[in-house]
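**Student:** Data file entry.cif (mmCIF, C-alpha atoms and all ligand atoms) is appended below.
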```cif
data_run
#
loop_
_atom_site.label_atom_id
_atom_site.label_comp_id
_atom_site.auth_asym_id
_atom_site.auth_seq_id
_atom_site.Cartn_x
_atom_site.Cartn_y
_atom_site.Cartn_z
CA MET A 1 -167.70 -0.80 141.59
CA PRO A 2 -169.51 1.76 139.37
CA ARG A 3 -171.09 0.31 136.26
CA GLY A 4 -169.30 1.00 132.97
CA ARG A 5 -170.90 2.33 129.80
CA LEU A 6 -171.54 1.04 126.28
CA ILE A 7 -170.85 3.36 123.35
CA ALA A 8 -171.54 2.07 119.83
CA LEU A 9 -170.16 3.48 116.60
CA GLU A 10 -172.34 2.92 113.56
CA GLY A 11 -172.41 3.86 109.90
CA GLY A 12 -171.74 2.52 106.43
CA GLU A 13 -168.47 0.93 105.39
CA GLY A 14 -165.59 3.39 105.08
CA ALA A 15 -167.25 5.92 107.41
CA GLY A 16 -164.21 5.75 109.71
CA LYS A 17 -165.73 3.73 112.57
CA SER A 18 -162.63 1.64 113.31
CA THR A 19 -160.37 4.70 113.18
CA GLN A 20 -162.65 6.66 115.51
CA ALA A 21 -163.23 3.68 117.83
CA ARG A 22 -159.48 3.62 118.46
CA LEU A 23 -159.33 7.39 119.04
CA LEU A 24 -162.40 7.35 121.32
CA ALA A 25 -160.90 4.52 123.38
CA ASP A 26 -157.70 6.60 123.79
CA PHE A 27 -159.75 9.66 124.78
CA LEU A 28 -161.72 7.74 127.42
CA CYS A 29 -158.49 6.24 128.80
CA GLU A 30 -157.09 9.77 129.11
CA GLN A 31 -160.25 10.66 131.08
CA GLY A 32 -159.31 7.90 133.52
CA PHE A 33 -161.82 5.21 132.53
CA PRO A 34 -160.90 1.56 131.94
CA VAL A 35 -161.82 0.83 128.31
CA VAL A 36 -162.56 -2.28 126.28
CA ARG A 37 -162.65 -1.82 122.50
CA THR A 38 -164.51 -4.43 120.53
CA ARG A 39 -166.36 -4.98 117.25
CA GLU A 40 -169.26 -6.72 115.53
CA PRO A 41 -169.81 -9.16 114.12
CA GLY A 42 -167.26 -10.63 116.53
CA GLY A 43 -165.77 -9.57 119.83
CA ALA A 44 -165.86 -13.04 121.46
CA PRO A 45 -164.49 -16.37 120.16
CA GLY A 46 -167.88 -17.79 119.11
CA ALA A 47 -168.94 -14.48 117.59
CA GLU A 48 -165.65 -14.19 115.66
CA PHE A 49 -166.33 -17.69 114.31
CA LEU A 50 -169.76 -16.50 113.12
CA ARG A 51 -168.14 -13.41 111.59
CA GLY A 52 -166.17 -15.69 109.27
CA VAL A 53 -169.32 -17.61 108.41
CA LEU A 54 -171.22 -14.37 107.64
CA LEU A 55 -168.59 -12.35 105.79
CA SER A 56 -166.82 -14.96 103.67
CA GLY A 57 -169.67 -15.03 101.15
CA GLN A 58 -169.28 -18.82 100.86
CA ILE A 59 -172.95 -19.27 101.72
CA ASP A 60 -175.75 -17.21 100.21
CA TRP A 61 -177.86 -16.99 103.39
CA CYS A 62 -181.55 -16.27 103.22
CA VAL A 63 -182.09 -12.94 104.99
CA GLU A 64 -183.93 -14.54 107.93
CA ALA A 65 -181.00 -16.87 108.70
CA GLU A 66 -178.48 -14.07 108.14
CA THR A 67 -180.33 -11.83 110.60
CA MET A 68 -180.49 -14.59 113.22
CA LEU A 69 -176.76 -15.28 112.81
CA HIS A 70 -175.91 -11.61 113.39
CA VAL A 71 -178.16 -11.61 116.46
CA ALA A 72 -176.67 -14.90 117.72
CA ALA A 73 -173.16 -13.45 117.37
CA ARG A 74 -174.34 -10.37 119.31
CA VAL A 75 -175.90 -12.40 122.12
CA GLU A 76 -172.60 -14.31 122.52
CA HIS A 77 -170.60 -11.06 122.36
CA VAL A 78 -172.77 -9.45 125.04
CA ALA A 79 -172.62 -12.53 127.30
CA LYS A 80 -168.89 -13.14 127.01
CA THR A 81 -167.38 -9.69 126.51
CA ILE A 82 -169.67 -6.67 126.83
CA ARG A 83 -171.69 -7.41 129.95
CA PRO A 84 -168.74 -8.71 132.01
CA ALA A 85 -166.71 -5.62 131.03
CA ILE A 86 -169.50 -3.19 131.96
CA GLU A 87 -170.14 -4.98 135.26
CA ALA A 88 -166.40 -4.71 136.01
CA GLY A 89 -166.66 -0.93 135.49
CA SER A 90 -165.18 -0.68 131.99
CA TRP A 91 -166.37 1.55 129.20
CA VAL A 92 -167.00 -0.54 126.11
CA VAL A 93 -166.43 1.07 122.71
CA CYS A 94 -168.11 -1.14 120.12
CA ASP A 95 -167.49 -0.87 116.36
CA ARG A 96 -171.08 -1.67 115.16
CA PHE A 97 -173.95 -3.05 117.26
CA HIS A 98 -177.65 -3.81 116.76
CA ASP A 99 -178.32 -0.75 114.56
CA SER A 100 -176.15 -2.42 111.91
CA THR A 101 -178.65 -5.29 111.75
CA MET A 102 -181.45 -2.74 111.40
CA ALA A 103 -179.56 -0.87 108.64
CA TYR A 104 -178.12 -3.81 106.66
CA GLN A 105 -180.64 -6.62 107.09
CA GLY A 106 -183.63 -4.30 107.64
CA PHE A 107 -183.25 -1.19 105.46
CA GLY A 108 -180.73 -2.83 103.09
CA LEU A 109 -182.07 -6.36 102.56
CA GLY A 110 -185.71 -5.78 103.46
CA PHE A 111 -186.09 -8.01 106.54
CA ASP A 112 -189.09 -6.87 108.62
CA ARG A 113 -187.82 -4.02 110.82
CA ASP A 114 -190.37 -4.60 113.60
CA ARG A 115 -189.06 -8.14 113.94
CA ILE A 116 -185.49 -6.85 114.07
CA ALA A 117 -186.58 -4.49 116.87
CA VAL A 118 -188.07 -7.46 118.76
CA LEU A 119 -184.82 -9.40 118.31
CA GLY A 120 -182.94 -6.35 119.60
CA GLY A 121 -185.04 -6.41 122.76
CA MET A 122 -183.88 -10.00 123.37
CA ILE A 123 -180.24 -8.91 123.49
CA GLY A 124 -180.98 -7.30 126.83
CA ILE A 125 -178.66 -4.33 126.59
CA VAL A 126 -178.97 -0.96 124.87
CA PRO A 127 -175.96 1.30 124.25
CA ASP A 128 -175.76 4.34 126.53
CA LEU A 129 -174.89 6.31 123.41
CA THR A 130 -174.70 5.51 119.70
CA LEU A 131 -172.63 7.67 117.37
CA VAL A 132 -173.75 7.37 113.76
CA LEU A 133 -170.90 8.33 111.44
CA ASP A 134 -172.42 9.79 108.30
CA VAL A 135 -170.38 10.13 105.13
CA PRO A 136 -171.47 10.38 101.48
CA ARG A 137 -171.09 7.05 99.72
CA ASP A 138 -168.65 8.40 97.10
CA VAL A 139 -166.30 9.62 99.84
CA ALA A 140 -166.48 6.24 101.60
CA VAL A 141 -165.78 4.38 98.35
CA ARG A 142 -162.71 6.57 97.66
CA ARG A 143 -161.39 5.80 101.14
CA LEU A 144 -161.93 2.07 100.74
CA ARG A 145 -160.26 2.04 97.29
CA ALA A 146 -157.27 3.90 98.74
CA ARG A 147 -157.05 1.36 101.57
CA GLY A 148 -157.31 -1.67 99.25
CA GLY A 149 -157.91 -5.25 100.45
CA ALA A 150 -160.42 -7.96 99.57
CA ASP A 151 -164.18 -7.24 99.53
CA ASP A 152 -166.45 -9.07 102.01
CA ARG A 153 -169.99 -10.29 101.25
CA TYR A 154 -171.55 -6.87 101.93
CA GLU A 155 -168.96 -4.85 100.05
CA ARG A 156 -169.79 -6.94 96.99
CA LEU A 157 -173.50 -5.93 97.09
CA ASN A 158 -174.67 -3.25 94.66
CA GLU A 159 -174.83 0.54 95.08
CA GLU A 160 -178.65 0.52 95.51
CA PHE A 161 -178.15 -1.71 98.56
CA HIS A 162 -175.57 0.67 100.06
CA ALA A 163 -177.82 3.67 99.33
CA ARG A 164 -180.66 1.99 101.29
CA VAL A 165 -178.26 1.20 104.16
CA ASN A 166 -177.00 4.79 104.32
CA ALA A 167 -180.55 6.18 104.18
CA GLY A 168 -181.45 3.79 106.99
CA PHE A 169 -178.54 4.98 109.12
CA ARG A 170 -179.71 8.59 108.59
CA GLN A 171 -183.15 7.68 109.99
CA ILE A 172 -181.57 5.76 112.87
CA ALA A 173 -179.34 8.76 113.70
CA ALA A 174 -182.48 10.72 114.65
CA TRP A 175 -183.62 8.13 117.20
CA PRO A 176 -183.23 8.83 120.95
CA GLY A 177 -179.80 7.97 122.32
CA HIS A 178 -178.19 8.55 118.91
CA VAL A 179 -175.97 11.38 117.68
CA ARG A 180 -175.14 11.97 114.01
CA ILE A 181 -171.50 12.78 113.38
CA ASP A 182 -170.34 14.39 110.13
CA ALA A 183 -167.68 11.84 109.24
CA SER A 184 -166.73 13.44 105.93
CA LEU A 185 -164.39 15.79 107.82
CA GLU A 186 -160.72 15.11 108.50
CA VAL A 187 -159.90 12.48 111.12
CA GLU A 188 -158.99 15.05 113.80
CA ALA A 189 -162.21 17.07 113.27
CA VAL A 190 -164.32 13.91 113.56
CA ARG A 191 -162.39 12.96 116.72
CA THR A 192 -163.17 16.38 118.23
CA ALA A 193 -166.89 16.07 117.37
CA ILE A 194 -167.03 12.64 118.99
CA ALA A 195 -165.21 13.84 122.12
CA ALA A 196 -167.87 16.60 122.40
CA ALA A 197 -170.71 14.11 121.88
CA VAL A 198 -169.55 11.89 124.77
CA GLN A 199 -169.02 14.77 127.23
CA ASP A 200 -172.45 14.44 128.89
CA LEU A 201 -171.90 10.73 129.45
CA VAL A 202 -168.44 11.39 130.90
CA ARG A 203 -169.83 14.11 133.20
CA SER A 204 -172.72 11.94 134.39
CA ALA A 205 -170.32 9.08 135.17
CA ARG A 206 -168.17 11.40 137.31
CA GLY A 207 -171.21 12.52 139.30
CA PRO A 208 -171.77 15.89 140.99
N1 LIG B 1 -173.01 -6.26 109.23
C1 LIG B 1 -174.33 -6.58 108.98
O1 LIG B 1 -174.73 -6.74 107.83
N2 LIG B 1 -175.18 -6.72 110.04
C2 LIG B 1 -174.77 -6.58 111.33
O2 LIG B 1 -175.60 -6.74 112.25
C3 LIG B 1 -173.41 -6.25 111.56
C4 LIG B 1 -172.55 -6.09 110.48
C5 LIG B 1 -172.92 -6.07 112.96
C6 LIG B 1 -168.67 -5.93 108.79
O3 LIG B 1 -167.62 -5.46 108.08
C7 LIG B 1 -169.79 -6.09 107.78
O4 LIG B 1 -170.87 -6.74 108.43
C8 LIG B 1 -170.29 -4.75 107.36
C9 LIG B 1 -171.76 -4.71 107.74
C10 LIG B 1 -172.08 -6.12 108.10
N3 LIG B 1 -170.10 -4.68 105.96
N4 LIG B 1 -170.22 -3.72 105.19
N5 LIG B 1 -170.26 -3.04 104.34
P1 LIG B 1 -166.29 -4.90 108.73
O5 LIG B 1 -166.37 -4.81 110.19
O6 LIG B 1 -165.16 -5.71 108.18
O7 LIG B 1 -166.22 -3.53 107.97
P2 LIG B 1 -166.92 -2.18 108.22
O8 LIG B 1 -167.60 -2.15 109.53
O9 LIG B 1 -167.76 -1.87 107.06
O10 LIG B 1 -165.67 -1.27 108.36
P3 LIG B 1 -164.69 -0.64 107.30
O11 LIG B 1 -165.04 -0.91 105.89
O12 LIG B 1 -163.32 -1.03 107.71
O13 LIG B 1 -164.98 0.86 107.54
P4 LIG B 1 -164.78 1.79 108.84
O14 LIG B 1 -164.35 0.98 110.04
O15 LIG B 1 -165.97 2.62 108.99
O16 LIG B 1 -163.59 2.74 108.40
P5 LIG B 1 -162.02 2.73 108.81
O17 LIG B 1 -161.44 1.37 108.71
O18 LIG B 1 -161.83 3.46 110.05
O19 LIG B 1 -161.50 3.66 107.63
C11 LIG B 1 -161.50 3.23 106.28
C12 LIG B 1 -160.32 3.93 105.54
O20 LIG B 1 -160.56 5.33 105.52
C13 LIG B 1 -158.97 3.74 106.23
O21 LIG B 1 -157.98 3.66 105.26
C14 LIG B 1 -158.83 5.02 107.06
O22 LIG B 1 -157.48 5.36 107.28
C15 LIG B 1 -159.54 6.03 106.21
N6 LIG B 1 -160.21 7.09 106.98
C16 LIG B 1 -160.89 6.95 108.14
N7 LIG B 1 -161.40 8.13 108.55
C17 LIG B 1 -161.03 9.03 107.61
C18 LIG B 1 -161.27 10.43 107.46
N8 LIG B 1 -161.97 11.14 108.37
N9 LIG B 1 -160.77 11.06 106.38
C19 LIG B 1 -160.06 10.35 105.45
N10 LIG B 1 -159.79 9.03 105.54
C20 LIG B 1 -160.28 8.37 106.61
#
```
Starting from the coordinates I provided, produce the structure as structure tokens.

**Tutor:**
Amino acid sequence: MPRGRLIALEGGEGAGKSTQARLLADFLCEQGFPVVRTREPGGAPGAEFLRGVLLSGQIDWCVEAETMLHVAARVEHVAKTIRPAIEAGSWVVCDRFHDSTMAYQGFGLGFDRDRIAVLGGMIGIVPDLTLVLDVPRDVAVRRLRARGGADDRYERLNEEFHARVNAGFRQIAAWPGHVRIDASLEVEAVRTAIAAAVQDLVRSARGP
């Protein structure tokens, strides 16, 4: 059984990650790969439980505890969902992964980024490819207002916080294994850019 792959979609809120995760999963299915689409925080029962704890805003976590909770949710997600899927040959499309902890808790809330990197090493898996969806904050806010719905703990934080997160994601997008995607374009144009960005991975999985 050939090993599957892990592709993460990252970026600020309203960048279009969930929309593009669905479209990427469809594209990979069309290419003949079994696909599991999942998200963070969440993606396994224990991790979904922690998602509620983290996003409800009922508790004003200190940043250290908040970071550990995101990492704990990820460890559970990897153990129960991601690793078994990859070992069974599936391609996992994940809406957010460890770079979100780096961007939100590190760049956004000021938790020591070297320590976040160490915690990332403990997760024991690195995405084969990370697509960082980059969109100006004002565009993202317009999209979220048009969609409506209640704000979570992070959406309620101020614009300076979101500016630091977006600047962090721009730095992260230049790291090895990452590709920046212009997510301010129309849905179909973003889908096409993402399909192009995964081509090398698709080719390498097919072999010579
Ligand atoms: N968080 C953290 O702090 N640390 C961590 O380690 C992790 C997460 C893993 C999870 O929220 C929160 O947890 C997140 C960071 C934090 N909070 N923030 N901010 P979530 O999962 O509930 O929400 P999100 O990840 O921020 O997703 P979102 O707000 O739903 O945005 P999105 O998934 O990127 O976008 P979307 O749902 O695909 O699209 C939003 C709307 O725009 C929707 O109406 C679409 O139809 C529309 N859309 C999408 N693409 C386009 C284009 N190209 N043009 C026009 N309109 C579009």

**Student:** Name the residues in contact with region 42-50 of chain A at a cut-off of 9 Å, using only C-alpha atoms, excluding same-chain residues fewer than 2 positions from it; report them as a list in words.

**Tutor:**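 The residues satisfying every condition are Arg37, Thr38, Arg39, Glu40, Gly52, Val53, Leu54, Leu55, Leu69, His70, Ala72, Ala73, Arg74, Val75, Glu76, His77, Val78, Ala79, Lys80, Thr81, Ile82 and Cys94 of chain A.
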
**Student:** What does the distance between atom C1 of ligand LIG 1 (chain B) and CA of Val198 (chain A) come to in Å, to one decimal place?

**Tutor:**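 These two atoms are separated by 24.8 Å.
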
**Student:** If you measure from CA of Gly89 (chain A) to CA of Arg5 (chain A), what distance in Å do you get, rounded to one decimal?

**Tutor:**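 Interatomic distance, CA of Gly89 (chain A) to CA of Arg5 (chain A): 7.8 Å.
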
**Student:** Can you tell me how far CA of Val92 (chain A) sits from CA of Thr130 (chain A), in Å to one decimal?

**Tutor:**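 Answer for the CA of Val92 (chain A) to CA of Thr130 (chain A) separation: 11.7 Å.
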
**Student:** For ligand LIG 1 (chain B), collect every residue having any atom at a distance of at most 8 Å from a ligand atom (counting only C-alpha atoms and all ligand atoms); output as a PyMOL selection string.

**Tutor:** chain A and resi 10-21+39-41+51+54-55+67+70-71+74+95-105+133+140+143-144+146-147+152-155+162+183-190

**Student:** Could you write those residues out with C-alpha atoms, as an mmCIF file, in the coordinates of the input?

**Tutor:**
```cif
data_model
loop_
_atom_site.group_PDB
_atom_site.id
_atom_site.type_symbol
_atom_site.label_atom_id
_atom_site.label_comp_id
_atom_site.auth_asym_id
_atom_site.auth_seq_id
_atom_site.Cartn_x
_atom_site.Cartn_y
_atom_site.Cartn_z
ATOM 1 C CA GLU A 10 -172.340 2.920 113.560
ATOM 2 C CA GLY A 11 -172.410 3.860 109.900
ATOM 3 C CA GLY A 12 -171.740 2.520 106.430
ATOM 4 C CA GLU A 13 -168.470 0.930 105.390
ATOM 5 C CA GLY A 14 -165.590 3.390 105.080
ATOM 6 C CA ALA A 15 -167.250 5.920 107.410
ATOM 7 C CA GLY A 16 -164.210 5.750 109.710
ATOM 8 C CA LYS A 17 -165.730 3.730 112.570
ATOM 9 C CA SER A 18 -162.630 1.640 113.310
ATOM 10 C CA THR A 19 -160.370 4.700 113.180
ATOM 11 C CA GLN A 20 -162.650 6.660 115.510
ATOM 12 C CA ALA A 21 -163.230 3.680 117.830
ATOM 13 C CA ARG A 39 -166.360 -4.980 117.250
ATOM 14 C CA GLU A 40 -169.260 -6.720 115.530
ATOM 15 C CA PRO A 41 -169.810 -9.160 114.120
ATOM 16 C CA ARG A 51 -168.140 -13.410 111.590
ATOM 17 C CA LEU A 54 -171.220 -14.370 107.640
ATOM 18 C CA LEU A 55 -168.590 -12.350 105.790
ATOM 19 C CA THR A 67 -180.330 -11.830 110.600
ATOM 20 C CA HIS A 70 -175.910 -11.610 113.390
ATOM 21 C CA VAL A 71 -178.160 -11.610 116.460
ATOM 22 C CA ARG A 74 -174.340 -10.370 119.310
ATOM 23 C CA ASP A 95 -167.490 -0.870 116.360
ATOM 24 C CA ARG A 96 -171.080 -1.670 115.160
ATOM 25 C CA PHE A 97 -173.950 -3.050 117.260
ATOM 26 C CA HIS A 98 -177.650 -3.810 116.760
ATOM 27 C CA ASP A 99 -178.320 -0.750 114.560
ATOM 28 C CA SER A 100 -176.150 -2.420 111.910
ATOM 29 C CA THR A 101 -178.650 -5.290 111.750
ATOM 30 C CA MET A 102 -181.450 -2.740 111.400
ATOM 31 C CA ALA A 103 -179.560 -0.870 108.640
ATOM 32 C CA TYR A 104 -178.120 -3.810 106.660
ATOM 33 C CA GLN A 105 -180.640 -6.620 107.090
ATOM 34 C CA LEU A 133 -170.900 8.330 111.440
ATOM 35 C CA ALA A 140 -166.480 6.240 101.600
ATOM 36 C CA ARG A 143 -161.390 5.800 101.140
ATOM 37 C CA LEU A 144 -161.930 2.070 100.740
ATOM 38 C CA ALA A 146 -157.270 3.900 98.740
ATOM 39 C CA ARG A 147 -157.050 1.360 101.570
ATOM 40 C CA ASP A 152 -166.450 -9.070 102.010
ATOM 41 C CA ARG A 153 -169.990 -10.290 101.250
ATOM 42 C CA TYR A 154 -171.550 -6.870 101.930
ATOM 43 C CA GLU A 155 -168.960 -4.850 100.050
ATOM 44 C CA HIS A 162 -175.570 0.670 100.060
ATOM 45 C CA ALA A 183 -167.680 11.840 109.240
ATOM 46 C CA SER A 184 -166.730 13.440 105.930
ATOM 47 C CA LEU A 185 -164.390 15.790 107.820
ATOM 48 C CA GLU A 186 -160.720 15.110 108.500
ATOM 49 C CA VAL A 187 -159.900 12.480 111.120
ATOM 50 C CA GLU A 188 -158.990 15.050 113.800
ATOM 51 C CA ALA A 189 -162.210 17.070 113.270
ATOM 52 C CA VAL A 190 -164.320 13.910 113.560
#
```

**Student:** Applying 12 Å and only C-alpha atoms, which residues near Ser90 (chain A) remain after dropping the ones on its own chain fewer than 5 positions away? List them as a ChimeraX atom specification.

**Tutor:** /A:1-7,25,28-29,32-37,81-85,205

**Student:** Considering all atoms listed in the file, can you say which of A:Gly108, A:Gly121, A:Pro136, A:Pro127 comes closest to Leu201 (chain A)?

**Tutor:**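 For Leu201 (chain A), the nearest of the given residues is A:Pro127.
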
**Student:** Ranking A:Asp134, A:Asp112, A:Asp128, A:Glu159 by minimum distance to Pro176 (chain A) and counting all atoms listed in the file, which one comes first?

**Tutor:**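 The shortest atom-to-atom distance to Pro176 (chain A) comes from A:Asp128.
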